[in-house]
Each structure stands twice: as C-alpha cells, then as structure tokens.
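Take a look at the structure set out below.
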Amino acid sequence: MSGVKSYKELLIWQKGISIVLKVYKLTQSFPKDEIYALSSQLKRASVSIPSNIAEGFGRQTDKSFNHFLNISRGSLNEIETQLVIAKELGFIQDENLYNDLLFIIEEESKMINAFTKNLK
C-alpha cells in the first residue's frame with residue numbers, strides 16, 4: 001500500500017460508503033415494524049463494510065488488513081442475502097435502486113478480492 005496515506009483514498013472504502021448510503025435510502029420505504037429487524041440488520045451490515053476496511057488499514061499489517069477485508073466481504077454477502085429476502089417479502093419499492101445496489105455489491109466484492117490478492 002505504498003503511497004496510500006489514508007483509508008479514505010482507497011476505492012474499496014469509497015465504494016463501501018456508497019453502499020451504506022444506498023442501503024439507508026432503500027430501507028426508508030421498508031415497513032415501520034421492520035425498523036428493528038431487517039432494516040436495522042441491513043444498515044449494520046452495510047456500515048460494517050467501510051468500517052472494517054478503515055480498521056484493517058489502521059492495523060498497518062497486510063495480514064491484519066486481509067482479515068478485516070474478509071469481514072467486509074462477509075458483510076457484502078450478508079447484505080446481498082438480506083436484500084433478496086426484503087425483495088421476496090415485498091419491502092423493495094425502488095427497483096432501480098435495488099438493482100443498482102446489487103451491481104455495486106458485486107463490484108465491491110470483485111474489488112476486495114483483487115485487493116486481497118495484492119496484499120498476499
């Protein structure tokens with residue numbers, strides 16, 4: 001990671017922030033009784049992505065950073081699964097946002113995979 005001074009410079013962190021914003025926007029239309037259930041779970045998992053990237057970067061070792069990137073990847077899978085569940089339950093109101101979010105999740109997953117290969 002020579003030359004990178006802050007985790008904020010990392011595209012994987014920036015895309016993670018984008019995922020958080022889109023998840024929050026998407027869950028605004030969820031039923032109010034889901035505020036402490038699926039909606040909350042989606043928000044926590046999305047926040048976990050850039051948070052773990054930042055924490056891993058701060059550990060300043062490739063091995064530790066790789067560990068936190070794996071946690072971020074797990075959170076991506078968690079969000080993707082929860083989005084499918086929300087869709088099946090009829091909670092998704094904005095089909096375009098839903099599809100955009102799934103696309104960005106796939107992109108982020110590929111970027112994290114490539115990033116971890118470079119750490120090894």
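Chain identifiers are assigned as A, B, and so on, following the order in which chains appear in the structure tokens; residues are numbered from 1 within each chain, and ligands are numbered from 1 in order of appearance.
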Per DSSP on the backbone, filter chain A down to the residues in helix (DSSP H, G or I) and report them as a PDB file with N, CA and C atoms, in the first residue's frame.
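File result.pdb, as written:
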```pdb
ATOM      1  N   TYR A   7      -7.014   5.523   4.526  1.00  0.00           N
ATOM      2  CA  TYR A   7      -8.006   4.571   4.008  1.00  0.00           C
ATOM      3  C   TYR A   7      -9.032   5.280   3.129  1.00  0.00           C
ATOM      4  N   LYS A   8      -9.223   6.569   3.344  1.00  0.00           N
ATOM      5  CA  LYS A   8     -10.198   7.334   2.562  1.00  0.00           C
ATOM      6  C   LYS A   8      -9.807   7.420   1.087  1.00  0.00           C
ATOM      7  N   GLU A   9      -8.539   7.195   0.783  1.00  0.00           N
ATOM      8  CA  GLU A   9      -8.072   7.200  -0.603  1.00  0.00           C
ATOM      9  C   GLU A   9      -8.417   5.894  -1.331  1.00  0.00           C
ATOM     10  N   LEU A  11     -10.387   3.078  -3.086  1.00  0.00           N
ATOM     11  CA  LEU A  11     -11.652   2.967  -3.815  1.00  0.00           C
ATOM     12  C   LEU A  11     -12.601   1.979  -3.151  1.00  0.00           C
ATOM     13  N   ILE A  12     -12.051   0.935  -2.526  1.00  0.00           N
ATOM     14  CA  ILE A  12     -12.924  -0.036  -1.854  1.00  0.00           C
ATOM     15  C   ILE A  12     -13.624   0.601  -0.658  1.00  0.00           C
ATOM     16  N   TRP A  13     -12.955   1.530   0.021  1.00  0.00           N
ATOM     17  CA  TRP A  13     -13.602   2.239   1.131  1.00  0.00           C
ATOM     18  C   TRP A  13     -14.665   3.189   0.588  1.00  0.00           C
ATOM     19  N   GLN A  14     -14.336   3.932  -0.474  1.00  0.00           N
ATOM     20  CA  GLN A  14     -15.274   4.883  -1.072  1.00  0.00           C
ATOM     21  C   GLN A  14     -16.533   4.177  -1.580  1.00  0.00           C
ATOM     22  N   LYS A  15     -16.349   3.029  -2.221  1.00  0.00           N
ATOM     23  CA  LYS A  15     -17.497   2.268  -2.711  1.00  0.00           C
ATOM     24  C   LYS A  15     -18.302   1.722  -1.529  1.00  0.00           C
ATOM     25  N   GLY A  16     -17.626   1.374  -0.457  1.00  0.00           N
ATOM     26  CA  GLY A  16     -18.309   0.924   0.755  1.00  0.00           C
ATOM     27  C   GLY A  16     -19.224   2.000   1.311  1.00  0.00           C
ATOM     28  N   ILE A  17     -18.749   3.243   1.318  1.00  0.00           N
ATOM     29  CA  ILE A  17     -19.577   4.371   1.767  1.00  0.00           C
ATOM     30  C   ILE A  17     -20.798   4.513   0.861  1.00  0.00           C
ATOM     31  N   SER A  18     -20.593   4.353  -0.430  1.00  0.00           N
ATOM     32  CA  SER A  18     -21.706   4.423  -1.389  1.00  0.00           C
ATOM     33  C   SER A  18     -22.754   3.357  -1.092  1.00  0.00           C
ATOM     34  N   ILE A  19     -22.310   2.174  -0.742  1.00  0.00           N
ATOM     35  CA  ILE A  19     -23.241   1.088  -0.392  1.00  0.00           C
ATOM     36  C   ILE A  19     -24.059   1.472   0.840  1.00  0.00           C
ATOM     37  N   VAL A  20     -23.397   2.034   1.840  1.00  0.00           N
ATOM     38  CA  VAL A  20     -24.110   2.463   3.056  1.00  0.00           C
ATOM     39  C   VAL A  20     -25.215   3.456   2.708  1.00  0.00           C
ATOM     40  N   LEU A  21     -24.883   4.456   1.926  1.00  0.00           N
ATOM     41  CA  LEU A  21     -25.859   5.483   1.567  1.00  0.00           C
ATOM     42  C   LEU A  21     -27.046   4.900   0.807  1.00  0.00           C
ATOM     43  N   LYS A  22     -26.771   3.986  -0.103  1.00  0.00           N
ATOM     44  CA  LYS A  22     -27.842   3.362  -0.887  1.00  0.00           C
ATOM     45  C   LYS A  22     -28.711   2.445  -0.023  1.00  0.00           C
ATOM     46  N   VAL A  23     -28.096   1.728   0.897  1.00  0.00           N
ATOM     47  CA  VAL A  23     -28.869   0.869   1.802  1.00  0.00           C
ATOM     48  C   VAL A  23     -29.788   1.724   2.673  1.00  0.00           C
ATOM     49  N   TYR A  24     -29.273   2.811   3.201  1.00  0.00           N
ATOM     50  CA  TYR A  24     -30.114   3.686   4.034  1.00  0.00           C
ATOM     51  C   TYR A  24     -31.283   4.248   3.220  1.00  0.00           C
ATOM     52  N   LYS A  25     -31.000   4.638   1.989  1.00  0.00           N
ATOM     53  CA  LYS A  25     -32.063   5.172   1.133  1.00  0.00           C
ATOM     54  C   LYS A  25     -33.106   4.101   0.824  1.00  0.00           C
ATOM     55  N   LEU A  26     -32.644   2.896   0.504  1.00  0.00           N
ATOM     56  CA  LEU A  26     -33.560   1.806   0.157  1.00  0.00           C
ATOM     57  C   LEU A  26     -34.446   1.412   1.332  1.00  0.00           C
ATOM     58  N   THR A  27     -33.888   1.387   2.534  1.00  0.00           N
ATOM     59  CA  THR A  27     -34.650   0.923   3.702  1.00  0.00           C
ATOM     60  C   THR A  27     -35.631   1.965   4.232  1.00  0.00           C
ATOM     61  N   LYS A  32     -42.602   0.129   8.828  1.00  0.00           N
ATOM     62  CA  LYS A  32     -42.102   0.673  10.103  1.00  0.00           C
ATOM     63  C   LYS A  32     -41.836  -0.425  11.141  1.00  0.00           C
ATOM     64  N   ASP A  33     -42.564  -1.536  11.055  1.00  0.00           N
ATOM     65  CA  ASP A  33     -42.320  -2.611  12.021  1.00  0.00           C
ATOM     66  C   ASP A  33     -41.026  -3.362  11.727  1.00  0.00           C
ATOM     67  N   GLU A  34     -40.362  -3.027  10.639  1.00  0.00           N
ATOM     68  CA  GLU A  34     -39.070  -3.636  10.290  1.00  0.00           C
ATOM     69  C   GLU A  34     -37.891  -2.786  10.755  1.00  0.00           C
ATOM     70  N   LEU A  38     -35.114  -6.406   9.848  1.00  0.00           N
ATOM     71  CA  LEU A  38     -34.346  -6.489   8.611  1.00  0.00           C
ATOM     72  C   LEU A  38     -33.718  -5.147   8.229  1.00  0.00           C
ATOM     73  N   SER A  39     -34.427  -4.077   8.407  1.00  0.00           N
ATOM     74  CA  SER A  39     -33.895  -2.749   8.095  1.00  0.00           C
ATOM     75  C   SER A  39     -32.642  -2.459   8.913  1.00  0.00           C
ATOM     76  N   SER A  40     -32.716  -2.702  10.189  1.00  0.00           N
ATOM     77  CA  SER A  40     -31.578  -2.480  11.085  1.00  0.00           C
ATOM     78  C   SER A  40     -30.403  -3.392  10.728  1.00  0.00           C
ATOM     79  N   GLN A  41     -30.694  -4.628  10.418  1.00  0.00           N
ATOM     80  CA  GLN A  41     -29.654  -5.594  10.062  1.00  0.00           C
ATOM     81  C   GLN A  41     -28.922  -5.171   8.790  1.00  0.00           C
ATOM     82  N   LEU A  42     -29.672  -4.715   7.797  1.00  0.00           N
ATOM     83  CA  LEU A  42     -29.077  -4.235   6.551  1.00  0.00           C
ATOM     84  C   LEU A  42     -28.174  -3.028   6.804  1.00  0.00           C
ATOM     85  N   LYS A  43     -28.633  -2.113   7.621  1.00  0.00           N
ATOM     86  CA  LYS A  43     -27.849  -0.916   7.920  1.00  0.00           C
ATOM     87  C   LYS A  43     -26.554  -1.271   8.650  1.00  0.00           C
ATOM     88  N   ARG A  44     -26.649  -2.144   9.640  1.00  0.00           N
ATOM     89  CA  ARG A  44     -25.451  -2.529  10.389  1.00  0.00           C
ATOM     90  C   ARG A  44     -24.440  -3.244   9.495  1.00  0.00           C
ATOM     91  N   ALA A  45     -24.924  -4.144   8.640  1.00  0.00           N
ATOM     92  CA  ALA A  45     -24.029  -4.875   7.746  1.00  0.00           C
ATOM     93  C   ALA A  45     -23.375  -3.935   6.738  1.00  0.00           C
ATOM     94  N   SER A  46     -24.121  -2.957   6.263  1.00  0.00           N
ATOM     95  CA  SER A  46     -23.543  -2.023   5.288  1.00  0.00           C
ATOM     96  C   SER A  46     -22.479  -1.146   5.940  1.00  0.00           C
ATOM     97  N   VAL A  47     -22.744  -0.663   7.135  1.00  0.00           N
ATOM     98  CA  VAL A  47     -21.773   0.168   7.850  1.00  0.00           C
ATOM     99  C   VAL A  47     -20.502  -0.634   8.157  1.00  0.00           C
ATOM    100  N   SER A  48     -20.663  -1.921   8.330  1.00  0.00           N
ATOM    101  CA  SER A  48     -19.529  -2.803   8.619  1.00  0.00           C
ATOM    102  C   SER A  48     -18.489  -2.820   7.491  1.00  0.00           C
ATOM    103  N   ILE A  49     -18.929  -2.625   6.259  1.00  0.00           N
ATOM    104  CA  ILE A  49     -18.006  -2.727   5.118  1.00  0.00           C
ATOM    105  C   ILE A  49     -16.915  -1.658   5.182  1.00  0.00           C
ATOM    106  N   PRO A  50     -17.250  -0.370   5.076  1.00  0.00           N
ATOM    107  CA  PRO A  50     -16.171   0.625   5.120  1.00  0.00           C
ATOM    108  C   PRO A  50     -15.496   0.702   6.493  1.00  0.00           C
ATOM    109  N   SER A  51     -16.239   0.380   7.546  1.00  0.00           N
ATOM    110  CA  SER A  51     -15.655   0.418   8.887  1.00  0.00           C
ATOM    111  C   SER A  51     -14.531  -0.601   9.029  1.00  0.00           C
ATOM    112  N   ASN A  52     -14.747  -1.814   8.526  1.00  0.00           N
ATOM    113  CA  ASN A  52     -13.713  -2.837   8.609  1.00  0.00           C
ATOM    114  C   ASN A  52     -12.539  -2.541   7.679  1.00  0.00           C
ATOM    115  N   ILE A  53     -12.813  -1.925   6.553  1.00  0.00           N
ATOM    116  CA  ILE A  53     -11.720  -1.520   5.660  1.00  0.00           C
ATOM    117  C   ILE A  53     -10.849  -0.481   6.374  1.00  0.00           C
ATOM    118  N   ALA A  54     -11.481   0.480   7.006  1.00  0.00           N
ATOM    119  CA  ALA A  54     -10.744   1.504   7.748  1.00  0.00           C
ATOM    120  C   ALA A  54      -9.958   0.895   8.907  1.00  0.00           C
ATOM    121  N   GLU A  55     -10.593   0.010   9.657  1.00  0.00           N
ATOM    122  CA  GLU A  55      -9.906  -0.612  10.794  1.00  0.00           C
ATOM    123  C   GLU A  55      -8.727  -1.455  10.331  1.00  0.00           C
ATOM    124  N   GLY A  56      -8.940  -2.235   9.279  1.00  0.00           N
ATOM    125  CA  GLY A  56      -7.848  -3.057   8.756  1.00  0.00           C
ATOM    126  C   GLY A  56      -6.682  -2.220   8.268  1.00  0.00           C
ATOM    127  N   PHE A  57      -6.979  -1.133   7.596  1.00  0.00           N
ATOM    128  CA  PHE A  57      -5.930  -0.221   7.131  1.00  0.00           C
ATOM    129  C   PHE A  57      -5.131   0.306   8.314  1.00  0.00           C
ATOM    130  N   GLY A  58      -5.824   0.630   9.381  1.00  0.00           N
ATOM    131  CA  GLY A  58      -5.180   1.181  10.568  1.00  0.00           C
ATOM    132  C   GLY A  58      -4.293   0.193  11.301  1.00  0.00           C
ATOM    133  N   ARG A  59      -4.482  -1.082  11.079  1.00  0.00           N
ATOM    134  CA  ARG A  59      -3.658  -2.098  11.744  1.00  0.00           C
ATOM    135  C   ARG A  59      -2.247  -2.146  11.170  1.00  0.00           C
ATOM    136  N   ASP A  62      -0.291  -6.327   6.487  1.00  0.00           N
ATOM    137  CA  ASP A  62      -1.079  -6.939   5.421  1.00  0.00           C
ATOM    138  C   ASP A  62      -1.949  -8.071   5.946  1.00  0.00           C
ATOM    139  N   LYS A  63      -1.413  -8.860   6.872  1.00  0.00           N
ATOM    140  CA  LYS A  63      -2.173  -9.992   7.405  1.00  0.00           C
ATOM    141  C   LYS A  63      -3.430  -9.509   8.135  1.00  0.00           C
ATOM    142  N   SER A  64      -3.266  -8.508   8.948  1.00  0.00           N
ATOM    143  CA  SER A  64      -4.406  -7.971   9.691  1.00  0.00           C
ATOM    144  C   SER A  64      -5.400  -7.294   8.746  1.00  0.00           C
ATOM    145  N   PHE A  65      -4.882  -6.539   7.791  1.00  0.00           N
ATOM    146  CA  PHE A  65      -5.748  -5.872   6.828  1.00  0.00           C
ATOM    147  C   PHE A  65      -6.554  -6.910   6.056  1.00  0.00           C
ATOM    148  N   ASN A  66      -5.914  -7.985   5.655  1.00  0.00           N
ATOM    149  CA  ASN A  66      -6.596  -9.059   4.929  1.00  0.00           C
ATOM    150  C   ASN A  66      -7.745  -9.638   5.758  1.00  0.00           C
ATOM    151  N   HIS A  67      -7.507  -9.805   7.046  1.00  0.00           N
ATOM    152  CA  HIS A  67      -8.548 -10.322   7.947  1.00  0.00           C
ATOM    153  C   HIS A  67      -9.782  -9.412   7.931  1.00  0.00           C
ATOM    154  N   PHE A  68      -9.572  -8.115   8.026  1.00  0.00           N
ATOM    155  CA  PHE A  68     -10.692  -7.175   8.051  1.00  0.00           C
ATOM    156  C   PHE A  68     -11.363  -7.063   6.688  1.00  0.00           C
ATOM    157  N   LEU A  69     -10.597  -7.249   5.613  1.00  0.00           N
ATOM    158  CA  LEU A  69     -11.203  -7.270   4.282  1.00  0.00           C
ATOM    159  C   LEU A  69     -12.109  -8.490   4.128  1.00  0.00           C
ATOM    160  N   ASN A  70     -11.712  -9.600   4.725  1.00  0.00           N
ATOM    161  CA  ASN A  70     -12.560 -10.797   4.696  1.00  0.00           C
ATOM    162  C   ASN A  70     -13.863 -10.565   5.447  1.00  0.00           C
ATOM    163  N   ILE A  71     -13.798  -9.829   6.531  1.00  0.00           N
ATOM    164  CA  ILE A  71     -15.018  -9.487   7.271  1.00  0.00           C
ATOM    165  C   ILE A  71     -15.916  -8.600   6.395  1.00  0.00           C
ATOM    166  N   SER A  72     -15.316  -7.637   5.704  1.00  0.00           N
ATOM    167  CA  SER A  72     -16.086  -6.773   4.792  1.00  0.00           C
ATOM    168  C   SER A  72     -16.754  -7.600   3.706  1.00  0.00           C
ATOM    169  N   ARG A  73     -16.030  -8.566   3.166  1.00  0.00           N
ATOM    170  CA  ARG A  73     -16.591  -9.429   2.121  1.00  0.00           C
ATOM    171  C   ARG A  73     -17.772 -10.217   2.677  1.00  0.00           C
ATOM    172  N   GLY A  74     -17.661 -10.690   3.894  1.00  0.00           N
ATOM    173  CA  GLY A  74     -18.770 -11.398   4.534  1.00  0.00           C
ATOM    174  C   GLY A  74     -19.983 -10.506   4.701  1.00  0.00           C
ATOM    175  N   SER A  75     -19.754  -9.242   5.045  1.00  0.00           N
ATOM    176  CA  SER A  75     -20.857  -8.295   5.184  1.00  0.00           C
ATOM    177  C   SER A  75     -21.545  -8.048   3.846  1.00  0.00           C
ATOM    178  N   LEU A  76     -20.770  -8.022   2.763  1.00  0.00           N
ATOM    179  CA  LEU A  76     -21.361  -7.885   1.428  1.00  0.00           C
ATOM    180  C   LEU A  76     -22.312  -9.045   1.134  1.00  0.00           C
ATOM    181  N   ASN A  77     -21.873 -10.257   1.461  1.00  0.00           N
ATOM    182  CA  ASN A  77     -22.720 -11.430   1.248  1.00  0.00           C
ATOM    183  C   ASN A  77     -23.969 -11.374   2.112  1.00  0.00           C
ATOM    184  N   GLU A  78     -23.793 -10.882   3.324  1.00  0.00           N
ATOM    185  CA  GLU A  78     -24.919 -10.737   4.240  1.00  0.00           C
ATOM    186  C   GLU A  78     -25.949  -9.760   3.676  1.00  0.00           C
ATOM    187  N   ILE A  79     -25.488  -8.616   3.179  1.00  0.00           N
ATOM    188  CA  ILE A  79     -26.389  -7.611   2.615  1.00  0.00           C
ATOM    189  C   ILE A  79     -27.113  -8.163   1.394  1.00  0.00           C
ATOM    190  N   GLU A  80     -26.368  -8.826   0.536  1.00  0.00           N
ATOM    191  CA  GLU A  80     -26.976  -9.377  -0.675  1.00  0.00           C
ATOM    192  C   GLU A  80     -28.096 -10.357  -0.322  1.00  0.00           C
ATOM    193  N   THR A  81     -27.857 -11.201   0.654  1.00  0.00           N
ATOM    194  CA  THR A  81     -28.871 -12.161   1.106  1.00  0.00           C
ATOM    195  C   THR A  81     -30.078 -11.443   1.692  1.00  0.00           C
ATOM    196  N   GLN A  82     -29.835 -10.442   2.512  1.00  0.00           N
ATOM    197  CA  GLN A  82     -30.922  -9.707   3.145  1.00  0.00           C
ATOM    198  C   GLN A  82     -31.737  -8.915   2.127  1.00  0.00           C
ATOM    199  N   LEU A  83     -31.076  -8.429   1.080  1.00  0.00           N
ATOM    200  CA  LEU A  83     -31.804  -7.725   0.020  1.00  0.00           C
ATOM    201  C   LEU A  83     -32.741  -8.669  -0.723  1.00  0.00           C
ATOM    202  N   VAL A  84     -32.276  -9.884  -0.970  1.00  0.00           N
ATOM    203  CA  VAL A  84     -33.127 -10.879  -1.631  1.00  0.00           C
ATOM    204  C   VAL A  84     -34.343 -11.181  -0.752  1.00  0.00           C
ATOM    205  N   ILE A  85     -34.118 -11.313   0.539  1.00  0.00           N
ATOM    206  CA  ILE A  85     -35.216 -11.572   1.469  1.00  0.00           C
ATOM    207  C   ILE A  85     -36.202 -10.397   1.461  1.00  0.00           C
ATOM    208  N   ALA A  86     -35.674  -9.177   1.530  1.00  0.00           N
ATOM    209  CA  ALA A  86     -36.528  -7.987   1.512  1.00  0.00           C
ATOM    210  C   ALA A  86     -37.341  -7.923   0.220  1.00  0.00           C
ATOM    211  N   LYS A  87     -36.718  -8.274  -0.879  1.00  0.00           N
ATOM    212  CA  LYS A  87     -37.416  -8.280  -2.175  1.00  0.00           C
ATOM    213  C   LYS A  87     -38.545  -9.308  -2.159  1.00  0.00           C
ATOM    214  N   GLU A  88     -38.249 -10.510  -1.677  1.00  0.00           N
ATOM    215  CA  GLU A  88     -39.254 -11.574  -1.607  1.00  0.00           C
ATOM    216  C   GLU A  88     -40.419 -11.207  -0.691  1.00  0.00           C
ATOM    217  N   GLU A  95     -37.137  -0.370  -7.514  1.00  0.00           N
ATOM    218  CA  GLU A  95     -36.486  -1.467  -8.251  1.00  0.00           C
ATOM    219  C   GLU A  95     -35.130  -1.043  -8.817  1.00  0.00           C
ATOM    220  N   ASN A  96     -35.038   0.196  -9.305  1.00  0.00           N
ATOM    221  CA  ASN A  96     -33.773   0.680  -9.867  1.00  0.00           C
ATOM    222  C   ASN A  96     -32.688   0.770  -8.802  1.00  0.00           C
ATOM    223  N   LEU A  97     -33.036   1.279  -7.646  1.00  0.00           N
ATOM    224  CA  LEU A  97     -32.082   1.377  -6.541  1.00  0.00           C
ATOM    225  C   LEU A  97     -31.656  -0.014  -6.094  1.00  0.00           C
ATOM    226  N   TYR A  98     -32.600  -0.919  -6.015  1.00  0.00           N
ATOM    227  CA  TYR A  98     -32.309  -2.315  -5.646  1.00  0.00           C
ATOM    228  C   TYR A  98     -31.298  -2.928  -6.619  1.00  0.00           C
ATOM    229  N   ASN A  99     -31.552  -2.795  -7.914  1.00  0.00           N
ATOM    230  CA  ASN A  99     -30.646  -3.366  -8.914  1.00  0.00           C
ATOM    231  C   ASN A  99     -29.288  -2.680  -8.909  1.00  0.00           C
ATOM    232  N   ASP A 100     -29.285  -1.368  -8.719  1.00  0.00           N
ATOM    233  CA  ASP A 100     -28.036  -0.611  -8.628  1.00  0.00           C
ATOM    234  C   ASP A 100     -27.218  -1.082  -7.434  1.00  0.00           C
ATOM    235  N   LEU A 101     -27.883  -1.300  -6.338  1.00  0.00           N
ATOM    236  CA  LEU A 101     -27.206  -1.755  -5.120  1.00  0.00           C
ATOM    237  C   LEU A 101     -26.608  -3.142  -5.318  1.00  0.00           C
ATOM    238  N   LEU A 102     -27.353  -4.046  -5.924  1.00  0.00           N
ATOM    239  CA  LEU A 102     -26.813  -5.382  -6.191  1.00  0.00           C
ATOM    240  C   LEU A 102     -25.593  -5.316  -7.107  1.00  0.00           C
ATOM    241  N   PHE A 103     -25.628  -4.439  -8.093  1.00  0.00           N
ATOM    242  CA  PHE A 103     -24.500  -4.271  -9.008  1.00  0.00           C
ATOM    243  C   PHE A 103     -23.270  -3.735  -8.268  1.00  0.00           C
ATOM    244  N   ILE A 104     -23.478  -2.734  -7.421  1.00  0.00           N
ATOM    245  CA  ILE A 104     -22.364  -2.154  -6.667  1.00  0.00           C
ATOM    246  C   ILE A 104     -21.790  -3.160  -5.678  1.00  0.00           C
ATOM    247  N   ILE A 105     -22.634  -3.975  -5.085  1.00  0.00           N
ATOM    248  CA  ILE A 105     -22.164  -5.024  -4.173  1.00  0.00           C
ATOM    249  C   ILE A 105     -21.272  -6.000  -4.924  1.00  0.00           C
ATOM    250  N   GLU A 106     -21.681  -6.385  -6.114  1.00  0.00           N
ATOM    251  CA  GLU A 106     -20.870  -7.290  -6.926  1.00  0.00           C
ATOM    252  C   GLU A 106     -19.526  -6.650  -7.286  1.00  0.00           C
ATOM    253  N   GLU A 107     -19.562  -5.389  -7.679  1.00  0.00           N
ATOM    254  CA  GLU A 107     -18.327  -4.654  -7.987  1.00  0.00           C
ATOM    255  C   GLU A 107     -17.403  -4.599  -6.771  1.00  0.00           C
ATOM    256  N   GLU A 108     -17.962  -4.257  -5.629  1.00  0.00           N
ATOM    257  CA  GLU A 108     -17.176  -4.138  -4.398  1.00  0.00           C
ATOM    258  C   GLU A 108     -16.550  -5.479  -4.035  1.00  0.00           C
ATOM    259  N   SER A 109     -17.288  -6.542  -4.188  1.00  0.00           N
ATOM    260  CA  SER A 109     -16.767  -7.865  -3.897  1.00  0.00           C
ATOM    261  C   SER A 109     -15.560  -8.192  -4.789  1.00  0.00           C
ATOM    262  N   LYS A 110     -15.679  -7.895  -6.076  1.00  0.00           N
ATOM    263  CA  LYS A 110     -14.569  -8.128  -7.004  1.00  0.00           C
ATOM    264  C   LYS A 110     -13.366  -7.262  -6.649  1.00  0.00           C
ATOM    265  N   MET A 111     -13.625  -6.020  -6.277  1.00  0.00           N
ATOM    266  CA  MET A 111     -12.534  -5.121  -5.915  1.00  0.00           C
ATOM    267  C   MET A 111     -11.820  -5.596  -4.648  1.00  0.00           C
ATOM    268  N   ILE A 112     -12.579  -6.052  -3.667  1.00  0.00           N
ATOM    269  CA  ILE A 112     -11.968  -6.560  -2.436  1.00  0.00           C
ATOM    270  C   ILE A 112     -11.158  -7.818  -2.743  1.00  0.00           C
ATOM    271  N   ASN A 113     -11.702  -8.705  -3.580  1.00  0.00           N
ATOM    272  CA  ASN A 113     -10.955  -9.913  -3.965  1.00  0.00           C
ATOM    273  C   ASN A 113      -9.620  -9.544  -4.597  1.00  0.00           C
ATOM    274  N   ALA A 114      -9.627  -8.605  -5.532  1.00  0.00           N
ATOM    275  CA  ALA A 114      -8.398  -8.177  -6.201  1.00  0.00           C
ATOM    276  C   ALA A 114      -7.445  -7.520  -5.211  1.00  0.00           C
ATOM    277  N   PHE A 115      -7.996  -6.733  -4.311  1.00  0.00           N
ATOM    278  CA  PHE A 115      -7.163  -6.037  -3.320  1.00  0.00           C
ATOM    279  C   PHE A 115      -6.463  -7.030  -2.397  1.00  0.00           C
ATOM    280  N   THR A 116      -7.199  -8.050  -1.956  1.00  0.00           N
ATOM    281  CA  THR A 116      -6.593  -9.031  -1.054  1.00  0.00           C
ATOM    282  C   THR A 116      -5.500  -9.828  -1.752  1.00  0.00           C
ATOM    283  N   LYS A 117      -5.654 -10.107  -3.040  1.00  0.00           N
ATOM    284  CA  LYS A 117      -4.617 -10.826  -3.777  1.00  0.00           C
ATOM    285  C   LYS A 117      -3.333 -10.012  -3.830  1.00  0.00           C
ATOM    286  N   ASN A 118      -3.462  -8.693  -3.904  1.00  0.00           N
ATOM    287  CA  ASN A 118      -2.296  -7.824  -3.930  1.00  0.00           C
ATOM    288  C   ASN A 118      -1.610  -7.722  -2.565  1.00  0.00           C
ATOM    289  N   LEU A 119      -2.345  -8.012  -1.497  1.00  0.00           N
ATOM    290  CA  LEU A 119      -1.763  -7.958  -0.153  1.00  0.00           C
ATOM    291  C   LEU A 119      -0.894  -9.173   0.148  1.00  0.00           C
TER     292      LEU A 119
END
```
Subject >> Given only C-alpha atoms as the counted atoms, nearest of A:Val4, A:Ser29, A:Thr61, A:Leu10 to Gly90 (chain A) >> reply: A:Ser29
